[in-house]
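See below for run33.txt, which holds compact mmCIF, C-alpha atoms.
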# COMPACT_ATOMS: atom_id res chain seq x y z
CA MET C 10 0.00 0.00 0.00
CA PRO C 11 1.36 3.47 -0.82
CA ILE C 12 2.29 5.90 1.91
CA THR C 13 1.12 9.51 1.61
CA ARG C 14 0.68 12.66 3.66
CA ASP C 15 -2.25 12.77 6.07
CA VAL C 16 -4.83 15.14 4.55
CA SER C 17 -5.61 16.55 8.01
CA ASN C 18 -1.97 16.98 9.06
CA ILE C 19 0.65 17.30 6.33
CA SER C 20 3.43 16.64 8.85
CA ARG C 21 2.22 13.06 9.26
CA ILE C 22 2.09 10.15 6.84
CA VAL C 23 -0.55 7.40 6.50
CA ASP C 24 -1.22 4.32 4.40
CA TRP C 25 -3.54 4.91 1.42
CA THR C 26 -5.67 1.75 1.25
CA ASP C 27 -8.05 0.36 -1.37
CA GLU C 28 -11.07 2.41 -2.35
CA ILE C 29 -14.61 1.49 -1.28
CA ASN C 30 -17.03 1.41 -4.19
CA GLU C 31 -20.74 2.01 -3.73
CA ILE C 32 -22.41 0.69 -6.87
CA PRO C 33 -26.12 -0.20 -7.14
CA ASN C 34 -26.84 -3.92 -7.10
CA GLN C 35 -26.92 -5.55 -10.52
CA TYR C 36 -30.10 -7.60 -10.75
CA GLY C 37 -30.42 -10.24 -13.45
CA TRP C 38 -32.41 -13.28 -12.33
CA VAL C 39 -34.95 -13.08 -15.15
CA LYS C 40 -32.39 -12.54 -17.89
CA ASN C 41 -30.02 -15.22 -16.66
CA GLN C 42 -32.75 -17.84 -16.27
CA GLY C 43 -33.37 -17.73 -20.02
CA ILE C 44 -37.11 -17.29 -19.51
CA PHE C 45 -37.43 -15.12 -22.61
CA SER C 46 -36.67 -16.40 -26.07
CA VAL C 47 -34.96 -13.29 -27.49
CA ARG C 48 -34.61 -12.91 -31.26
CA PRO C 49 -33.25 -10.14 -33.48
CA THR C 50 -35.49 -8.26 -35.88
CA THR C 51 -34.64 -5.85 -38.68
CA GLN C 52 -37.72 -3.68 -38.07
CA THR C 53 -39.09 -1.34 -35.38
CA ALA C 54 -42.30 -3.35 -34.86
CA ILE C 55 -43.35 -6.99 -35.10
CA ILE C 56 -46.54 -8.62 -36.37
CA PHE C 57 -47.77 -12.07 -35.43
CA ASP C 58 -50.89 -14.19 -35.88
CA LYS C 59 -52.76 -15.76 -33.03
CA ASN C 60 -53.91 -19.10 -34.44
CA GLU C 61 -56.65 -20.54 -32.22
CA ALA C 62 -57.84 -24.12 -32.73
CA GLU C 63 -60.62 -26.04 -31.02
CA THR C 64 -60.48 -29.81 -30.58
CA THR C 65 -63.91 -31.39 -30.22
CA LEU C 66 -64.38 -35.11 -29.69
CA LEU C 67 -66.04 -36.85 -32.60
CA PRO C 68 -69.57 -38.23 -32.39
CA GLN C 69 -70.34 -41.62 -33.86
CA VAL C 70 -72.05 -41.77 -37.29
CA PRO C 71 -73.78 -44.76 -38.93
CA ARG C 72 -71.47 -46.91 -41.04
CA GLY C 73 -72.42 -47.28 -44.66
CA THR C 74 -74.03 -43.81 -44.99
CA ARG C 75 -72.71 -40.54 -46.39
CA GLU C 76 -73.29 -38.82 -43.07
CA ALA C 77 -70.17 -37.25 -41.54
CA THR C 78 -69.16 -34.56 -39.11
CA VAL C 79 -67.58 -31.34 -40.37
CA GLY C 80 -64.41 -29.71 -39.05
CA LYS C 81 -64.27 -26.13 -37.76
CA ASP C 82 -61.99 -23.49 -39.22
CA ARG C 83 -59.32 -22.07 -36.97
CA LYS C 84 -59.71 -18.54 -35.67
CA VAL C 85 -56.82 -16.35 -36.78
CA GLU C 86 -56.19 -12.85 -35.39
CA THR C 87 -53.28 -10.57 -36.28
CA PHE C 88 -51.48 -8.35 -33.78
CA SER C 89 -48.82 -5.67 -34.15
CA LEU C 90 -46.53 -4.54 -31.32
CA PRO C 91 -43.93 -1.74 -31.38
CA LEU C 92 -40.40 -2.04 -30.07
CA ALA C 93 -39.17 0.47 -27.53
CA TYR C 94 -36.13 2.60 -28.35
CA PHE C 95 -33.50 4.01 -26.00
CA LYS C 96 -30.52 6.19 -26.80
CA HIS C 97 -28.10 7.18 -24.07
CA HIS C 98 -24.81 9.03 -24.28
CA ASP C 99 -22.09 10.50 -22.09
CA TYR C 100 -19.07 12.75 -22.63
CA ILE C 101 -15.51 13.01 -21.43
CA THR C 102 -14.07 16.51 -21.40
CA PRO C 103 -10.63 17.77 -20.35
CA GLU C 104 -12.19 18.86 -17.04
CA ASP C 105 -12.89 15.19 -16.22
CA ILE C 106 -9.16 14.47 -16.36
CA GLN C 107 -7.09 17.63 -15.91
CA SER C 108 -5.84 18.08 -12.32
CA GLN C 109 -8.07 15.21 -11.15
CA ARG C 110 -6.76 12.41 -8.94
CA MET C 111 -7.60 8.85 -9.96
CA PRO C 112 -9.92 7.36 -7.29
CA GLY C 113 -8.22 4.69 -5.18
CA THR C 114 -4.76 6.22 -5.53
CA PRO C 115 -3.02 8.86 -3.37
CA ASP C 116 -1.42 10.88 -6.14
CA SER C 117 -1.88 9.28 -9.57
CA PRO C 118 -3.44 11.63 -12.12
CA GLU C 119 -6.69 10.63 -13.77
CA THR C 120 -6.46 9.16 -17.28
CA LEU C 121 -8.71 9.13 -20.31
CA ALA C 122 -8.62 5.32 -20.39
CA ASN C 123 -9.82 5.00 -16.79
CA VAL C 124 -12.66 7.51 -17.18
CA ARG C 125 -13.72 5.88 -20.44
CA ILE C 126 -13.89 2.38 -18.94
CA THR C 127 -15.85 3.63 -15.92
CA LYS C 128 -18.43 5.47 -18.03
CA LEU C 129 -18.87 2.57 -20.46
CA GLU C 130 -19.41 0.20 -17.54
CA ASP C 131 -22.09 2.48 -16.08
CA MET C 132 -23.83 2.76 -19.46
CA ARG C 133 -23.84 -1.01 -19.91
CA ARG C 134 -25.31 -1.47 -16.45
CA ALA C 135 -28.10 0.98 -17.30
CA VAL C 136 -29.01 -1.02 -20.41
CA ASP C 137 -28.94 -4.34 -18.56
CA GLN C 138 -31.16 -3.06 -15.76
CA THR C 139 -33.59 -1.46 -18.24
CA HIS C 140 -34.00 -4.84 -19.94
CA GLU C 141 -34.45 -6.60 -16.60
CA TYR C 142 -37.14 -4.10 -15.59
CA MET C 143 -38.99 -4.55 -18.89
CA MET C 144 -38.79 -8.34 -18.64
CA ILE C 145 -40.29 -8.25 -15.14
CA GLN C 146 -43.18 -6.09 -16.37
CA ALA C 147 -43.76 -8.53 -19.24
CA LEU C 148 -43.84 -11.43 -16.74
CA LYS C 149 -46.80 -9.63 -15.16
CA GLY C 150 -48.58 -9.25 -18.51
CA VAL C 151 -48.06 -5.58 -19.33
CA SER C 152 -45.07 -4.69 -21.50
CA SER C 153 -43.95 -1.22 -20.45
CA THR C 154 -40.87 1.00 -20.30
CA PRO C 155 -39.29 2.58 -17.20
CA ASP C 156 -40.85 5.96 -18.05
CA GLY C 157 -44.34 4.44 -17.95
CA ALA C 158 -45.08 3.99 -21.66
CA VAL C 159 -47.19 0.87 -22.28
CA LEU C 160 -46.07 -1.01 -25.39
CA ALA C 161 -48.64 -3.77 -25.00
CA ASP C 162 -51.17 -4.72 -22.34
CA MET C 163 -51.44 -8.38 -23.31
CA PHE C 164 -54.60 -8.87 -21.25
CA THR C 165 -56.32 -6.16 -23.28
CA GLU C 166 -54.76 -7.32 -26.56
CA PHE C 167 -56.07 -10.86 -26.14
CA GLY C 168 -59.30 -9.89 -24.38
CA VAL C 169 -58.71 -11.80 -21.14
CA ALA C 170 -58.79 -10.75 -17.50
CA GLN C 171 -55.81 -11.45 -15.30
CA PRO C 172 -56.66 -14.37 -13.00
CA THR C 173 -56.18 -13.58 -9.31
CA VAL C 174 -56.18 -15.86 -6.28
CA ASP C 175 -56.35 -14.57 -2.71
CA PHE C 176 -54.13 -16.82 -0.56
CA ASP C 177 -55.48 -15.24 2.66
CA LEU C 178 -52.20 -15.98 4.44
CA GLY C 179 -53.20 -14.14 7.60
CA THR C 180 -55.84 -16.76 8.40
CA ALA C 181 -54.53 -19.92 10.08
CA ALA C 182 -57.31 -22.10 8.68
CA THR C 183 -56.60 -21.26 5.02
CA ASN C 184 -55.96 -24.40 2.98
CA ILE C 185 -52.72 -23.41 1.24
CA ASP C 186 -52.49 -26.74 -0.58
CA ALA C 187 -55.88 -26.13 -2.17
CA LYS C 188 -54.86 -22.61 -3.22
CA ILE C 189 -51.72 -23.94 -4.92
CA ALA C 190 -53.72 -26.69 -6.61
CA GLU C 191 -56.15 -24.07 -7.92
CA VAL C 192 -53.28 -22.14 -9.48
CA LYS C 193 -51.61 -25.20 -11.00
CA ARG C 194 -54.83 -26.48 -12.52
CA GLY C 195 -55.78 -23.04 -13.78
CA VAL C 196 -52.43 -22.54 -15.51
CA GLN C 197 -52.61 -26.00 -17.10
CA SER C 198 -56.14 -25.33 -18.37
CA ALA C 199 -55.34 -21.88 -19.81
CA LEU C 200 -52.00 -22.77 -21.38
CA LYS C 201 -53.24 -24.32 -24.66
CA SER C 202 -49.75 -24.68 -26.08
CA GLY C 203 -49.96 -28.27 -27.18
CA GLY C 204 -47.11 -29.03 -24.78
CA THR C 205 -46.44 -29.47 -21.10
CA ILE C 206 -45.38 -27.27 -18.21
CA ASN C 207 -41.80 -27.82 -17.09
CA GLY C 208 -42.42 -26.14 -13.73
CA LEU C 209 -43.94 -23.19 -11.93
CA ASP C 210 -41.99 -20.37 -10.32
CA ILE C 211 -43.76 -17.82 -8.16
CA MET C 212 -42.02 -14.47 -7.71
CA CYS C 213 -43.11 -13.11 -4.33
CA GLY C 214 -43.13 -9.79 -2.57
CA GLU C 215 -41.35 -9.93 0.76
CA THR C 216 -44.50 -9.61 2.89
CA PHE C 217 -46.27 -12.34 0.89
CA PHE C 218 -43.30 -14.70 1.22
CA ASP C 219 -42.83 -14.05 4.95
CA LYS C 220 -46.52 -14.76 5.61
CA LEU C 221 -46.37 -17.90 3.47
CA ILE C 222 -43.44 -19.49 5.30
CA ASP C 223 -44.93 -18.46 8.66
CA HIS C 224 -48.34 -19.99 7.93
CA PRO C 225 -49.04 -22.92 10.28
CA LYS C 226 -49.84 -25.27 7.38
CA VAL C 227 -46.52 -24.47 5.67
CA ARG C 228 -44.07 -23.67 8.47
CA GLU C 229 -42.88 -27.20 9.18
CA ALA C 230 -42.33 -27.92 5.49
CA TYR C 231 -40.27 -24.71 5.16
CA LEU C 232 -38.07 -25.54 8.15
CA ASN C 233 -37.43 -29.02 6.76
CA ALA C 234 -36.69 -27.67 3.28
CA ALA C 235 -34.21 -25.10 4.58
CA SER C 236 -31.82 -27.89 5.57
CA ASN C 237 -31.95 -30.05 2.45
CA THR C 238 -29.59 -30.06 -0.52
CA GLN C 239 -32.18 -28.79 -3.00
CA TYR C 240 -32.62 -25.63 -0.94
CA GLN C 241 -28.87 -25.06 -0.81
CA ARG C 242 -28.58 -25.62 -4.56
CA ASP C 243 -31.40 -23.17 -5.33
CA ILE C 244 -29.98 -20.53 -3.03
CA SER C 245 -26.48 -20.79 -4.49
CA GLU C 246 -27.90 -20.59 -8.04
CA TYR C 247 -30.29 -17.69 -7.50
CA MET C 248 -28.64 -15.43 -4.92
CA PRO C 249 -25.96 -14.03 -7.28
CA TRP C 250 -28.78 -12.49 -9.35
CA GLY C 251 -30.68 -10.82 -6.52
CA VAL C 252 -32.94 -13.56 -5.12
CA SER C 253 -32.88 -13.56 -1.31
CA ASP C 254 -34.82 -16.73 -0.45
CA VAL C 255 -36.23 -19.81 -2.20
CA PHE C 256 -38.75 -22.40 -1.04
CA VAL C 257 -40.10 -25.36 -3.04
CA TYR C 258 -43.52 -26.52 -1.85
CA ARG C 259 -46.06 -28.76 -3.59
CA GLY C 260 -43.85 -28.79 -6.68
CA VAL C 261 -43.86 -24.98 -6.94
CA ARG C 262 -40.81 -22.80 -6.40
CA PHE C 263 -41.58 -19.67 -4.36
CA PHE C 264 -38.85 -17.05 -4.24
CA THR C 265 -38.32 -13.44 -3.23
CA TYR C 266 -36.82 -10.95 -5.66
CA PRO C 267 -36.44 -7.76 -3.58
CA VAL C 268 -35.45 -5.54 -6.47
CA THR C 269 -35.92 -1.78 -6.40
CA PHE C 270 -35.26 0.09 -9.65
CA LEU C 271 -34.44 3.80 -9.86
CA LEU C 272 -36.79 5.26 -12.46
CA PRO C 273 -35.86 8.03 -14.94
CA GLY C 274 -38.00 10.59 -13.09
CA GLY C 275 -36.22 9.97 -9.79
CA GLY C 276 -38.83 7.65 -8.24
CA THR C 277 -38.44 3.95 -7.53
CA ALA C 278 -40.30 0.80 -8.54
CA GLN C 279 -40.34 -2.62 -6.88
CA ALA C 280 -40.20 -5.79 -8.95
CA VAL C 281 -43.15 -7.14 -6.96
CA ALA C 282 -45.47 -5.36 -4.56
CA ASP C 283 -44.92 -6.51 -0.96
CA SER C 284 -48.22 -8.37 -0.56
CA GLU C 285 -48.39 -9.85 -4.06
CA ALA C 286 -46.84 -12.71 -6.00
CA HIS C 287 -46.76 -13.54 -9.71
CA VAL C 288 -46.79 -16.98 -11.31
CA ILE C 289 -44.13 -17.72 -13.96
CA PRO C 290 -44.85 -20.96 -15.86
CA ARG C 291 -41.79 -22.64 -17.37
CA VAL C 292 -43.05 -23.29 -20.89
CA ARG C 293 -41.16 -23.02 -24.17
CA ASP C 294 -41.97 -19.86 -26.15
CA LEU C 295 -44.36 -18.53 -23.52
CA PHE C 296 -42.30 -15.37 -23.13
CA ARG C 297 -40.81 -13.73 -26.21
CA GLY C 298 -38.30 -10.94 -26.67
CA TYR C 299 -37.16 -9.01 -29.71
CA VAL C 300 -34.25 -6.62 -30.18
CA GLY C 301 -34.34 -4.17 -33.07
CA PRO C 302 -31.85 -2.28 -35.22
CA ASN C 303 -29.99 0.86 -34.28
CA ASN C 304 -30.87 4.30 -35.61
CA LYS C 305 -27.81 4.77 -37.81
CA LEU C 306 -27.76 4.82 -41.61
CA SER C 307 -25.65 1.67 -41.63
CA GLY C 308 -28.16 -0.06 -39.35
CA ALA C 309 -31.30 0.48 -41.44
CA ASN C 310 -33.02 -2.87 -42.09
CA GLN C 311 -30.15 -4.71 -40.37
CA ALA C 312 -30.63 -7.29 -37.64
CA GLY C 313 -30.92 -5.91 -34.13
CA ARG C 314 -28.69 -6.64 -31.17
CA GLU C 315 -29.14 -6.41 -27.43
CA MET C 316 -27.10 -3.21 -27.39
CA PHE C 317 -25.16 -1.06 -29.82
CA ALA C 318 -22.21 0.98 -28.52
CA TYR C 319 -20.37 3.77 -30.31
CA GLU C 320 -17.54 6.18 -29.53
CA PHE C 321 -16.73 9.45 -31.28
CA THR C 322 -13.77 11.75 -30.73
CA ASP C 323 -14.22 15.41 -31.53
CA PRO C 324 -11.98 16.43 -34.50
CA LYS C 325 -10.81 19.39 -32.39
CA ASP C 326 -9.81 16.99 -29.60
CA GLU C 327 -12.03 18.82 -27.08
CA PHE C 328 -14.30 15.95 -26.00
CA HIS C 329 -14.91 12.21 -26.40
CA GLU C 330 -18.49 10.99 -26.79
CA MET C 331 -19.84 7.52 -25.96
CA GLN C 332 -23.27 6.39 -27.05
CA VAL C 333 -25.43 3.29 -26.60
CA GLU C 334 -28.68 2.31 -28.30
CA THR C 335 -31.12 -0.50 -27.58
CA ALA C 336 -34.53 -1.33 -29.03
CA PRO C 337 -36.19 -4.13 -27.00
CA LEU C 338 -39.66 -5.62 -26.72
CA PHE C 339 -40.67 -8.33 -24.24
CA PHE C 340 -44.15 -9.85 -23.92
CA CYS C 341 -46.14 -12.93 -22.89
CA THR C 342 -47.85 -14.95 -25.60
CA LYS C 343 -50.52 -16.41 -23.28
CA PRO C 344 -51.46 -13.88 -20.59
CA ALA C 345 -54.31 -16.05 -19.26
CA VAL C 346 -51.69 -18.13 -17.40
CA LEU C 347 -50.21 -15.15 -15.56
CA TYR C 348 -51.87 -15.60 -12.20
CA LYS C 349 -51.48 -12.85 -9.63
CA LEU C 350 -51.56 -13.98 -6.00
CA THR C 351 -52.61 -11.68 -3.19
CA THR C 352 -53.19 -11.91 0.52
CA SER C 353 -56.06 -9.92 1.95
CA THR C 354 -55.03 -10.54 5.55
Output the file's structure in the form of structure tokens.
Amino acid sequence: MPITRDVSNISRIVDWTDEINEIPNQYGWVKNQGIFSVRPTTQTAIIFDKNEAETTLLPQVPRGTREATVGKDRKVETFSLPLAYFKHHDYITPEDIQSQRMPGTPDSPETLANVRITKLEDMRRAVDQTHEYMMIQALKGVSSTPDGAVLADMFTEFGVAQPTVDFDLGTAATNIDAKIAEVKRGVQSALKSGGTINGLDIMCGETFFDKLIDHPKVREAYLNAASNTQYQRDISEYMPWGVSDVFVYRGVRFFTYPVTFLLPGGGTAQAVADSEAHVIPRVRDLFRGYVGPNNKLSGANQAGREMFAYEFTDPKDEFHEMQVETAPLFFCTKPAVLYKLTTST
């Protein structure tokens, strides 16, 4: 460690130790679970058909006659959804470097390379967290941006109401097993994907989760689960991305995701309201994502990417500009399965 003069007494010397960084937590459970199937698009909007079939059991007809049943045409509806667009930039000027000390050092002058790396890291984090926020909103059925713009309310688009189940966790007599069974059967009935469910995750607010594991019909199961290897495996897998607790009960994984995002206007938004929980079925192609092209001449009608980054140096050598662009869209293809759980007591 370097030795330097004490800032409060220049006649003394002290050790200059490592800096302490205060950086907002980087949340990424949704993104890193691969819940969304993200694809590039060359356009600023997407169109898709909703192809709805009905399977009716066949009635018997007399053999040897021309009588027969007739099939029903499929119902096809077309939907169009816009992609969001974000453009963010930052500058480095001589004032950011000249006569500035590099943080974490006693006397090393600041450098262009260090400032550049720091700013690019912060810009990348902003893009990552914007995507995570938008994915969480899409998990709840309404695709929206951090500034409140609604790209698609999938409940309205598909003409369905969000199913809600009150778990009534403040009442000791509540049959939690029956509530979970209601959710599982409801999701299975509404899925209509021609496939199967690989599992159910339930993203809980902290109050909801605390009441669940404290409920007399669940408490013993939670205490037993907390000591088994599956619990330890889930915790070690999920905690690096912001999950604080996990509990598997009746084949359903409950977990807390205590994320608070700083919104553009200065306010904050929680991933999940304290007394709510949201069901996330693990089904292929249930959640889709698209990333669009940049807004440069060279990017017109070219495939999109998660993020585009650019750097420009002023010809007069007076500033260095860094710029990022991203054009994402995330949505649920079957909002009728997105159960919201509440607790009235």
Item to check | For Gly37 of chain C: contacts at 7 Å, all atoms listed in the file, fewer than 2 positions along chain excluded, given as a PyMOL selection string | outcome: chain C and resi 35+39-41+141+250-251
Residues of the last selection are to be written out with C-alpha atoms, as a tab-separated table (two decimals), in the coordinates of the input.
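selection37.tsv, written as the output of this step:
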chain	number	residue	atom	x	y	z
C	35	GLN	CA	-26.92	-5.55	-10.52
C	39	VAL	CA	-34.95	-13.08	-15.15
C	40	LYS	CA	-32.39	-12.54	-17.89
C	41	ASN	CA	-30.02	-15.22	-16.66
C	141	GLU	CA	-34.45	-6.60	-16.60
C	250	TRP	CA	-28.78	-12.49	-9.35
C	251	GLY	CA	-30.68	-10.82	-6.52
Item to check | Option closest in space to Tyr231 of chain C, from C:Ala280, C:Ile19, C:Ala93, C:Val257 [counting all atoms listed in the file] | outcome: C:Val257
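Atom CA of Lys201 of chain C lies 14.9 Å from atom CA of Val85 of chain C.
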Next on the checklist: Is it possible to get the residues within 10 Å of (-34.3, -3.9, -31.6) (coordinates as in the file, counting all atoms listed in the file) written as a ChimeraX atom specification?
Outcome noted: /C:48-54,91-95,298-304,311-317,334-338
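Separating atom CA of Glu166 of chain C from atom CA of Lys81 of chain C is a distance of 23.9 Å.
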Checklist entry - atom CA of His98 of chain C and atom CA of Glu330 of chain C, how far apart in Å? => result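 Atom CA of Glu330 of chain C sits 7.1 Å away from atom CA of His98 of chain C.
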Next on the checklist: So that I can check the surroundings of Gly195 of chain C, please list as a list in words every protein, DNA and RNA residue that reaches within 10 Å of it, counting only C-alpha atoms and ignoring chain neighbours fewer than 3 positions away.
Outcome noted: Pro172, Ile189, Ala190, Glu191, Val192, Ser198, Ala199, Leu200, Ala345, Val346, Leu347 and Tyr348 of chain C
